[in-house]
>>> print(open('target.cif').read())   # mmCIF, C-alpha atoms
data_run
loop_
_atom_site.label_atom_id
_atom_site.label_comp_id
_atom_site.auth_asym_id
_atom_site.auth_seq_id
_atom_site.Cartn_x
_atom_site.Cartn_y
_atom_site.Cartn_z
CA MET A 1 46.20 42.27 121.41
CA LYS A 2 46.66 40.89 117.94
CA ARG A 3 46.32 43.25 114.95
CA GLU A 4 43.80 42.20 112.25
CA HIS A 5 45.12 42.30 108.70
CA GLY A 6 42.82 43.19 105.67
CA PHE A 7 43.20 44.07 101.99
CA SER A 8 45.05 47.17 101.13
CA LEU A 9 43.49 49.77 98.85
CA VAL A 10 45.86 48.74 96.05
CA GLU A 11 44.84 45.11 96.35
CA LEU A 12 41.18 46.06 96.32
CA MET A 13 41.60 48.18 93.17
CA VAL A 14 43.45 45.40 91.38
CA THR A 15 40.73 42.90 92.29
CA LEU A 16 37.97 45.21 91.12
CA GLY A 17 39.82 45.83 87.86
CA ILE A 18 40.12 42.11 87.18
CA LEU A 19 36.43 41.64 88.01
CA VAL A 20 35.40 44.44 85.65
CA VAL A 21 37.45 42.91 82.84
CA ILE A 22 35.92 39.47 83.39
CA VAL A 23 32.35 40.79 83.61
CA GLY A 24 32.86 43.07 80.60
CA THR A 25 34.26 40.24 78.50
CA THR A 26 31.39 37.98 79.54
CA LEU A 27 28.75 40.60 78.72
CA ALA A 28 30.40 41.34 75.36
CA ALA A 29 30.40 37.65 74.50
CA LEU A 30 26.73 37.36 75.52
CA SER A 31 25.86 40.44 73.47
CA GLN A 32 27.65 39.05 70.42
CA ALA A 33 25.91 35.70 70.87
CA SER A 34 22.55 37.42 71.20
CA GLN A 35 23.20 39.52 68.10
CA ALA A 36 24.34 36.44 66.15
CA THR A 37 21.18 34.61 67.19
CA GLN A 38 19.03 37.55 66.14
CA ASN A 39 20.84 37.78 62.80
CA VAL A 40 20.26 34.08 62.14
CA THR A 41 16.57 34.48 63.03
CA MET A 42 16.25 37.49 60.74
CA MET A 43 17.94 35.59 57.91
CA ALA A 44 15.70 32.55 58.43
CA ASP A 45 12.53 34.67 58.46
CA THR A 46 13.55 36.42 55.25
CA GLN A 47 14.38 33.16 53.50
CA GLU A 48 11.10 31.63 54.63
CA ASN A 49 9.09 34.52 53.20
CA LEU A 50 11.02 34.39 49.92
CA ARG A 51 10.59 30.64 49.54
CA ALA A 52 6.87 30.82 50.36
CA GLY A 53 6.29 33.51 47.72
CA LEU A 54 8.30 31.74 45.03
CA ASN A 55 6.61 28.41 45.72
CA TYR A 56 3.19 29.93 45.03
CA MET A 57 4.34 31.67 41.87
CA VAL A 58 6.13 28.63 40.49
CA ARG A 59 3.08 26.42 41.11
CA ASP A 60 0.83 28.76 39.09
CA LEU A 61 3.35 29.44 36.34
CA VAL A 62 3.95 25.74 35.72
CA GLN A 63 0.22 25.44 34.93
CA ALA A 64 0.04 28.61 32.81
CA GLY A 65 -1.74 27.93 29.54
CA GLU A 66 -3.03 24.49 30.54
CA SER A 67 -6.01 23.62 28.28
CA ILE A 68 -5.89 27.15 26.83
CA PRO A 69 -5.69 27.49 23.01
CA GLN A 70 -2.13 28.11 21.87
CA GLY A 71 -3.06 31.48 20.41
CA GLY A 72 -4.99 32.57 23.52
CA ILE A 73 -8.66 33.46 24.01
CA PRO A 74 -10.21 36.28 21.91
CA LEU A 75 -11.44 39.22 23.99
CA PRO A 76 -14.55 41.32 23.25
CA ASN A 77 -13.41 44.15 21.03
CA THR A 78 -14.45 46.73 18.49
CA ALA A 79 -12.19 47.21 15.48
CA GLY A 80 -9.29 45.64 17.36
CA VAL A 81 -9.66 47.81 20.48
CA VAL A 82 -10.39 46.10 23.81
CA ASN A 83 -11.64 47.58 27.06
CA VAL A 84 -11.56 44.74 29.58
CA ASN A 85 -10.06 44.67 33.07
CA LYS A 86 -7.71 42.39 34.94
CA PRO A 87 -7.13 42.11 38.71
CA SER A 88 -4.92 44.87 40.06
CA PRO A 89 -3.30 46.31 43.19
CA PRO A 90 -5.53 48.24 45.62
CA LEU A 91 -6.79 51.64 44.52
CA LEU A 92 -5.64 51.13 40.95
CA ALA A 93 -7.42 49.89 37.84
CA TYR A 94 -5.57 47.95 35.18
CA THR A 95 -6.77 46.90 31.75
CA PHE A 96 -5.40 44.38 29.34
CA PRO A 97 -3.28 45.91 26.58
CA VAL A 98 -5.61 47.78 24.22
CA ASN A 99 -3.53 46.66 21.24
CA SER A 100 -4.05 42.97 22.03
CA THR A 101 -7.43 41.39 21.30
CA VAL A 102 -6.37 38.07 22.84
CA LEU A 103 -6.16 36.93 26.45
CA GLN A 104 -2.82 35.15 26.56
CA ALA A 105 -1.74 32.45 29.00
CA ILE A 106 0.66 35.02 30.48
CA THR A 107 0.15 38.77 30.60
CA PRO A 108 3.40 40.57 31.53
CA GLY A 109 3.20 43.64 33.75
CA PHE A 110 6.53 45.44 33.51
CA ASN A 111 6.52 48.34 36.01
CA GLN A 112 2.71 48.09 36.34
CA GLY A 113 2.74 47.36 40.07
CA LEU A 114 3.02 49.76 42.99
CA GLN A 115 6.17 51.59 44.00
CA THR A 116 8.84 49.88 46.05
CA ALA A 117 8.55 50.80 49.74
CA THR A 118 10.93 50.51 52.69
CA PRO A 119 11.06 52.00 56.20
CA SER A 120 13.23 55.07 56.68
CA PRO A 121 16.55 54.16 58.38
CA THR A 122 16.55 57.47 60.29
CA VAL A 123 12.92 58.38 61.06
CA SER A 124 10.75 55.80 62.79
CA GLY A 125 7.39 55.11 61.14
CA VAL A 126 8.27 56.92 57.92
CA THR A 127 8.17 54.97 54.62
CA LEU A 128 10.50 55.72 51.71
CA PHE A 129 9.03 55.02 48.28
CA GLY A 130 11.40 54.16 45.46
CA PRO A 131 11.48 55.85 42.05
CA ASN A 132 10.49 52.64 40.23
CA ASN A 133 7.36 50.56 40.20
CA THR A 134 7.37 46.85 40.84
CA ASP A 135 6.35 44.28 38.23
CA MET A 136 3.10 42.32 37.98
CA ILE A 137 2.26 39.10 36.20
CA THR A 138 -1.09 37.51 35.30
CA VAL A 139 -1.51 33.87 34.27
CA ILE A 140 -4.53 31.82 33.23
CA TYR A 141 -5.07 28.07 33.18
CA ALA A 142 -7.88 25.55 33.29
CA ASP A 143 -9.43 24.80 36.67
CA ASN A 144 -10.59 21.20 36.76
CA SER A 145 -11.67 21.17 40.40
CA LEU A 146 -15.40 21.11 39.57
CA ILE A 147 -16.15 17.37 39.73
CA ASP A 148 -19.67 16.01 40.03
CA ASN A 149 -19.55 13.05 42.43
CA THR A 150 -23.31 12.46 42.48
CA ILE A 151 -22.53 8.97 41.19
CA PRO A 152 -19.24 8.09 42.97
CA ALA A 153 -18.46 5.31 40.55
CA SER A 154 -18.67 7.72 37.61
CA PRO A 155 -17.48 11.23 38.54
CA LYS A 156 -17.91 13.89 35.85
CA THR A 157 -16.05 17.09 35.01
CA LEU A 158 -17.48 20.33 33.64
CA ASN A 159 -15.93 19.99 30.20
CA GLU A 160 -16.52 16.27 29.81
CA PHE A 161 -19.67 16.75 27.74
CA PRO A 162 -20.75 19.43 25.30
CA ILE A 163 -23.43 21.74 26.66
CA PHE A 164 -25.90 20.23 24.19
CA LEU A 165 -26.16 17.69 21.41
CA ALA A 166 -28.86 17.38 18.79
CA ALA A 167 -31.18 14.41 19.32
CA SER A 168 -30.83 11.64 16.77
CA GLY A 169 -32.43 8.21 16.59
CA GLY A 170 -32.76 6.78 20.09
CA ASN A 171 -30.59 9.57 21.53
CA PRO A 172 -32.84 11.88 23.60
CA GLY A 173 -30.37 14.70 23.08
CA CYS A 174 -28.45 14.38 26.34
CA PRO A 175 -26.66 16.54 27.15
CA ALA A 176 -29.57 18.81 26.39
CA GLY A 177 -28.35 22.13 27.70
CA SER A 178 -28.74 25.40 25.86
CA ILE A 179 -27.08 28.76 25.18
CA ALA A 180 -29.14 31.93 24.90
CA ALA A 181 -28.97 33.47 21.44
CA ASN A 182 -27.61 36.73 22.88
CA GLY A 183 -25.07 34.90 25.08
CA SER A 184 -26.57 36.17 28.33
CA ARG A 185 -27.04 32.75 29.94
CA VAL A 186 -26.18 29.07 29.61
CA THR A 187 -28.22 26.14 30.92
CA PHE A 188 -26.41 22.92 31.79
CA ASP A 189 -28.04 19.48 31.77
CA ILE A 190 -28.09 18.14 35.33
CA THR A 191 -28.22 14.56 34.07
CA CYS A 192 -24.70 15.11 32.74
CA ILE A 193 -23.15 17.57 35.22
CA ASN A 194 -24.29 19.08 38.50
CA ILE A 195 -22.68 22.51 38.58
CA ASN A 196 -23.61 23.07 42.25
CA THR A 197 -21.12 20.73 43.90
CA GLY A 198 -20.43 22.48 47.19
CA ASN A 199 -17.37 24.70 47.42
CA THR A 200 -16.22 23.77 43.93
CA GLY A 201 -19.51 24.59 42.21
CA LEU A 202 -19.91 27.45 39.78
CA GLN A 203 -20.43 30.82 41.42
CA ALA A 204 -20.42 34.52 40.64
CA GLY A 205 -16.99 35.76 39.58
CA ASP A 206 -15.95 32.51 37.88
CA LEU A 207 -14.56 32.64 34.37
CA ILE A 208 -15.91 30.16 31.82
CA MET A 209 -14.18 29.49 28.51
CA PHE A 210 -16.48 28.27 25.72
CA GLN A 211 -15.11 26.37 22.73
CA ASN A 212 -16.88 25.14 19.61
CA ALA A 213 -16.48 24.97 15.86
CA GLY A 214 -17.28 28.70 15.67
CA GLY A 215 -14.46 29.83 17.94
CA VAL A 216 -13.42 30.44 21.53
CA THR A 217 -14.52 33.07 24.05
CA VAL A 218 -14.55 33.69 27.78
CA GLN A 219 -17.38 34.97 29.98
CA CYS A 220 -17.66 36.03 33.63
CA VAL A 221 -20.38 34.41 35.75
CA THR A 222 -22.59 37.02 37.42
CA SER A 223 -25.11 34.66 39.07
CA VAL A 224 -26.10 31.00 39.24
CA ALA A 225 -29.68 29.72 39.66
CA GLY A 226 -29.87 25.93 39.68
CA GLU A 227 -28.33 24.77 36.41
CA VAL A 228 -28.65 28.21 34.79
CA VAL A 229 -25.53 30.37 34.67
CA ASN A 230 -26.01 34.06 33.87
CA PHE A 231 -23.55 36.40 32.18
CA ALA A 232 -25.00 39.86 32.76
CA GLY A 233 -23.26 43.01 31.61
CA GLY A 234 -21.23 45.13 34.00
CA ASP A 235 -19.09 42.28 35.30
CA PRO A 236 -15.78 43.36 36.91
CA PHE A 237 -13.76 42.03 33.97
CA LYS A 238 -15.98 43.72 31.35
CA LEU A 239 -15.99 40.41 29.49
CA ASN A 240 -19.76 40.15 29.08
CA GLN A 241 -20.01 42.76 26.35
CA THR A 242 -22.12 40.53 24.13
CA GLY A 243 -23.10 43.35 21.80
CA LEU A 244 -19.60 43.97 20.47
CA PRO A 245 -18.77 42.81 16.94
CA SER A 246 -15.83 40.55 17.86
CA GLY A 247 -14.69 38.15 20.58
CA THR A 248 -18.10 37.49 22.15
CA LEU A 249 -20.14 34.36 22.84
CA PRO A 250 -22.75 35.15 20.11
CA GLN A 251 -19.85 35.36 17.66
CA THR A 252 -19.19 31.64 18.20
CA ALA A 253 -22.61 30.70 16.77
CA VAL A 254 -22.60 29.38 13.21
CA PRO A 255 -23.27 31.64 11.41
CA ALA A 256 -22.09 34.30 13.85
CA ASN A 257 -24.85 36.02 15.86
CA SER A 258 -27.43 33.56 14.51
CA GLY A 259 -28.09 31.90 17.86
CA ALA A 260 -27.37 28.49 16.25
CA TYR A 261 -24.52 27.22 18.39
CA PRO A 262 -22.66 24.05 17.44
CA PRO A 263 -21.88 21.57 20.27
CA THR A 264 -19.98 23.69 22.81
CA THR A 265 -17.77 22.70 25.73
CA ALA A 266 -17.32 24.81 28.85
CA THR A 267 -14.15 24.99 30.93
CA ARG A 268 -13.69 27.02 34.08
CA ILE A 269 -10.42 28.92 34.08
CA TRP A 270 -8.49 30.72 36.74
CA MET A 271 -6.90 34.10 36.25
CA VAL A 272 -4.15 34.57 38.83
CA THR A 273 -2.36 37.88 39.34
CA TYR A 274 0.71 38.48 41.49
CA TYR A 275 1.81 41.92 42.65
CA ILE A 276 3.44 43.72 45.57
CA ASP A 277 0.93 45.45 47.85
CA SER A 278 2.71 48.45 49.39
CA ASN A 279 -0.52 50.37 49.99
CA THR A 280 -2.23 48.38 52.74
CA ASN A 281 0.76 48.66 55.09
CA PRO A 282 3.71 50.49 53.51
CA GLN A 283 5.95 49.46 56.41
CA ARG A 284 5.34 45.78 55.57
CA PRO A 285 4.79 45.34 51.80
CA MET A 286 3.40 41.93 50.85
CA LEU A 287 3.44 39.65 47.82
CA VAL A 288 -0.23 39.19 46.95
CA ARG A 289 -1.98 36.46 44.96
CA GLN A 290 -5.37 37.39 43.53
CA VAL A 291 -7.60 34.85 41.78
CA ASN A 292 -10.02 36.57 39.39
CA PHE A 293 -11.54 39.53 41.28
CA ASN A 294 -11.78 37.66 44.56
CA ALA A 295 -10.21 39.21 47.65
CA PRO A 296 -6.41 39.25 47.30
CA VAL A 297 -4.46 37.01 49.66
CA ALA A 298 -0.96 37.73 50.97
CA VAL A 299 1.34 34.77 50.28
CA ALA A 300 4.60 36.29 51.54
CA GLU A 301 5.30 39.18 53.90
CA VAL A 302 7.85 41.98 53.83
CA ILE A 303 8.58 41.51 50.11
CA GLU A 304 9.98 44.77 48.78
CA ASN A 305 10.32 44.05 45.08
CA LEU A 306 9.15 41.70 42.33
CA ASN A 307 11.12 41.56 39.11
CA VAL A 308 9.95 39.41 36.18
CA THR A 309 11.75 38.83 32.89
CA TYR A 310 11.01 36.47 30.02
CA ASP A 311 12.90 34.19 27.67
CA LEU A 312 11.26 34.10 24.24
CA VAL A 313 11.48 32.04 21.11
CA ASP A 314 11.86 34.70 18.44
CA ALA A 315 9.24 34.26 15.74
CA ILE A 316 11.54 35.55 13.00
CA ALA A 317 15.08 34.53 13.89
CA THR A 318 13.99 31.31 15.71
CA VAL A 319 16.60 31.96 18.40
CA PRO A 320 15.79 32.56 22.05
CA ALA A 321 15.75 36.05 23.48
CA THR A 322 16.62 36.12 27.18
CA ASN A 323 15.66 38.34 30.12
CA ALA A 324 13.23 40.49 28.15
CA ARG A 325 11.41 42.89 30.48
CA GLN A 326 8.69 43.58 27.92
CA ILE A 327 7.20 41.67 24.99
CA ILE A 328 7.58 43.93 21.97
CA ALA A 329 5.74 43.34 18.67
CA PRO A 330 5.98 41.36 16.47
CA ASP A 331 6.73 39.04 19.42
CA THR A 332 3.78 38.02 21.59
CA PRO A 333 3.42 36.41 25.03
CA ALA A 334 2.61 33.14 23.23
CA GLN A 335 6.35 32.91 22.47
CA ILE A 336 7.34 32.82 26.14
CA ARG A 337 9.31 29.68 26.93
CA LYS A 338 10.62 30.61 30.35
CA VAL A 339 9.77 33.09 33.11
CA ASN A 340 12.55 34.41 35.33
CA LEU A 341 11.45 35.50 38.80
CA LEU A 342 13.31 37.59 41.36
CA LEU A 343 11.88 38.43 44.78
CA ALA A 344 13.64 40.85 47.13
CA ALA A 345 12.74 40.83 50.82
CA ARG A 346 13.88 42.22 54.15
CA SER A 347 13.64 40.89 57.66
CA GLU A 348 10.41 41.46 59.57
CA THR A 349 12.22 43.43 62.30
CA ALA A 350 15.38 45.53 62.47
CA ASN A 351 18.45 44.51 64.45
CA MET A 352 18.09 45.82 68.01
CA GLN A 353 21.63 47.16 68.12
CA THR A 354 22.39 48.34 64.60
CA LYS A 355 18.74 49.28 63.75
CA GLN A 356 19.40 47.80 60.30
CA TYR A 357 17.27 45.29 58.40
CA PHE A 358 18.62 42.09 56.92
CA ARG A 359 17.93 41.93 53.17
CA ASN A 360 18.12 39.08 50.71
CA ASN A 361 16.67 37.92 47.40
CA LEU A 362 15.87 34.66 45.65
CA GLN A 363 15.48 34.01 41.96
CA THR A 364 14.33 31.07 39.90
CA GLU A 365 13.38 30.11 36.35
CA VAL A 366 10.12 28.44 35.33
CA SER A 367 9.76 26.70 31.98
CA ILE A 368 6.28 27.18 30.56
CA GLN A 369 5.23 23.79 29.22
CA SER A 370 2.07 24.92 27.44
CA LEU A 371 3.68 27.72 25.43
CA SER A 372 6.79 27.83 23.25
CA PHE A 373 9.40 25.12 23.33
CA TYR A 374 12.99 25.62 22.27
CA SER A 375 15.59 22.87 22.11
CA LEU A 376 18.97 23.96 23.42
CA TYR A 377 20.58 20.92 21.76
CA GLN A 378 19.94 21.55 18.10
#
>>> encode(input="target.cif", output="structure tokens")
Amino acid sequence: MKREHGFSLVELMVTLGILVVIVGTTLAALSQASQATQNVTMMADTQENLRAGLNYMVRDLVQAGESIPQGGIPLPNTAGVVNVNKPSPPLLAYTFPVNSTVLQAITPGFNQGLQTATPSPTVSGVTLFGPNNTDMITVIYADNSLIDNTIPASPKTLNEFPIFLAASGGNPGCPAGSIAANGSRVTFDITCININTGNTGLQAGDLIMFQNAGGVTVQCVTSVAGEVVNFAGGDPFKLNQTGLPSGTLPQTAVPANSGAYPPTTATRIWMVTYYIDSNTNPQRPMLVRQVNFNAPVAVAEVIENLNVTYDLVDAIATVPATNARQIIAPDTPAQIRKVNLLLAARSETANMQTKQYFRNNLQTEVSIQSLSFYSLYQ
């Protein structure tokens, strides 16, 4: 009878050892590849959020001040003191600087936003709030999207015609709109402009800038009935304070408060505010864009910080000041020539192995064409 030969215990142990080494090396390589893939995904997500946020901000900042008077728009005030609001983060109320009676193309908001927020690295579900507040920024510019296409061959814009003209000779007085003596309402002439043009028509919450030989002012639409636009008191901006002695629509009559308005043009403007919302979901702070007092819209997710600085043309020394966090008198926001933006973001999820978030930031500079200009090549 022939004896059957098998593997010895030593041979079996050596084989198992080699197999363990091969499997372990393979699993380690797969784990490293998986981690590298996750890291690349986290980096791409973060960059995408940063680029999306900056793209929105740059688009609005490039238009800042478009069709706005160089010195800004006077605000309703009493003896140089204003009490009007601007859009703000949730649960907070912000006002324009009380020492400025003018609505500038850009309103800086150094440390006026909410606190920075980030998830705790040690306790799941816990948010750590930083010691500093984020920045805000508010810009205004003309909105020319209201176009009356009733006659396709001859489209008309809101500010194409004055609200009214005095009749003379064979001129029937078109446009024959009117402004209430107390500034509470304005009637447009439908033969010149139809203000109810679908989604772009005038509606409550819109801001209208009025310009004439008597001055400039801005009002907030509270209701629209046909071609009549009303500016009742108690609007969210507190702009319709027609009884104040300065910066109101009746003040643009000639003489002031006489109800005799010279030919007046109307331009709808947008007020756009950017801030970090760390209240709605502190674990996922968002960069928010708010137009007027409409519902804020998130334009980039998991943005932890917004930092804004300004380059100015100094009114006295006529040399540029760079990276100013605040605009300090005698300088004004009208001297801004460039806005420097920095967004800081983290990945939407933490690394499965290290439990750490990927963080990155992007920064850019935006030259403001409608404000100060400074030649670097003097």
>>> atom_distance(input="target.cif", atom1="CA of Asp235 (chain A)", atom2="CA of Gly205 (chain A)")
8.1 Å
>>> residues_around(input="target.cif", residues="Ile68 (chain A)", least_positions_apart="6", cutoff="12 Å", atoms="all atoms listed in the file", output="list in words")
Pro74, Val102, Leu103, Gln104, Ala105, Ile106, Val139, Ile140, Tyr141, Ala142, Asp143, Ile208, Met209, Phe210, Gln211, Val216, Thr217, Val218, Ala266, Thr267, Arg268, Ile269, Trp270, Met271, Ala334, Gln369, Ser370 and Leu371 of chain A
>>> closest_residue(input="target.cif", among="A:Ser88, A:Thr116, A:Asn194, A:Thr101", to="Ala344 (chain A)", atoms="all atoms listed in the file")
A:Thr116
>>> resolve_selection(input="target.cif", expression="the PyMOL selection byres ((chain A and resi 262) around 10)", output="PyMOL selection string")
chain A and resi 162-166+211-214+252-255+259-261+263-265
>>> atom_distance(input="target.cif", atom1="CA of Pro296 (chain A)", atom2="CA of Ala52 (chain A)")
16.0 Å
>>> resolve_selection(input="target.cif", expression="the PyMOL selection byres ((chain A and resi 46) around 8)", output="compact mmCIF listing (two decimals) with C-alpha atoms, keeping the file's coordinate frame")
# COMPACT_ATOMS: atom_id res chain seq x y z
CA MET A 42 16.25 37.49 60.74
CA MET A 43 17.94 35.59 57.91
CA ALA A 44 15.70 32.55 58.43
CA ASP A 45 12.53 34.67 58.46
CA GLN A 47 14.38 33.16 53.50
CA GLU A 48 11.10 31.63 54.63
CA ASN A 49 9.09 34.52 53.20
CA LEU A 50 11.02 34.39 49.92
CA ALA A 345 12.74 40.83 50.82
CA ARG A 346 13.88 42.22 54.15
CA SER A 347 13.64 40.89 57.66
CA GLU A 348 10.41 41.46 59.57
CA PHE A 358 18.62 42.09 56.92
CA ARG A 359 17.93 41.93 53.17
CA ASN A 360 18.12 39.08 50.71
>>> residues_around(input="target.cif", residues="Ala300 (chain A)", least_positions_apart="2", cutoff="6 Å", atoms="only C-alpha atoms", output="MDAnalysis selection string")
chainID A and resid 49 53 286:287 298
>>> residues_near_point(input="target.cif", point="(-1.7, 33.5, 44.9)", cutoff="10 Å", atoms="all atoms listed in the file", output="list in words")
Gly53, Asn55, Tyr56, Met57, Arg59, Asp60, Val272, Thr273, Tyr274, Tyr275, Leu287, Val288, Arg289, Gln290, Val291, Pro296, Val297, Ala298, Val299 and Ala300 of chain A
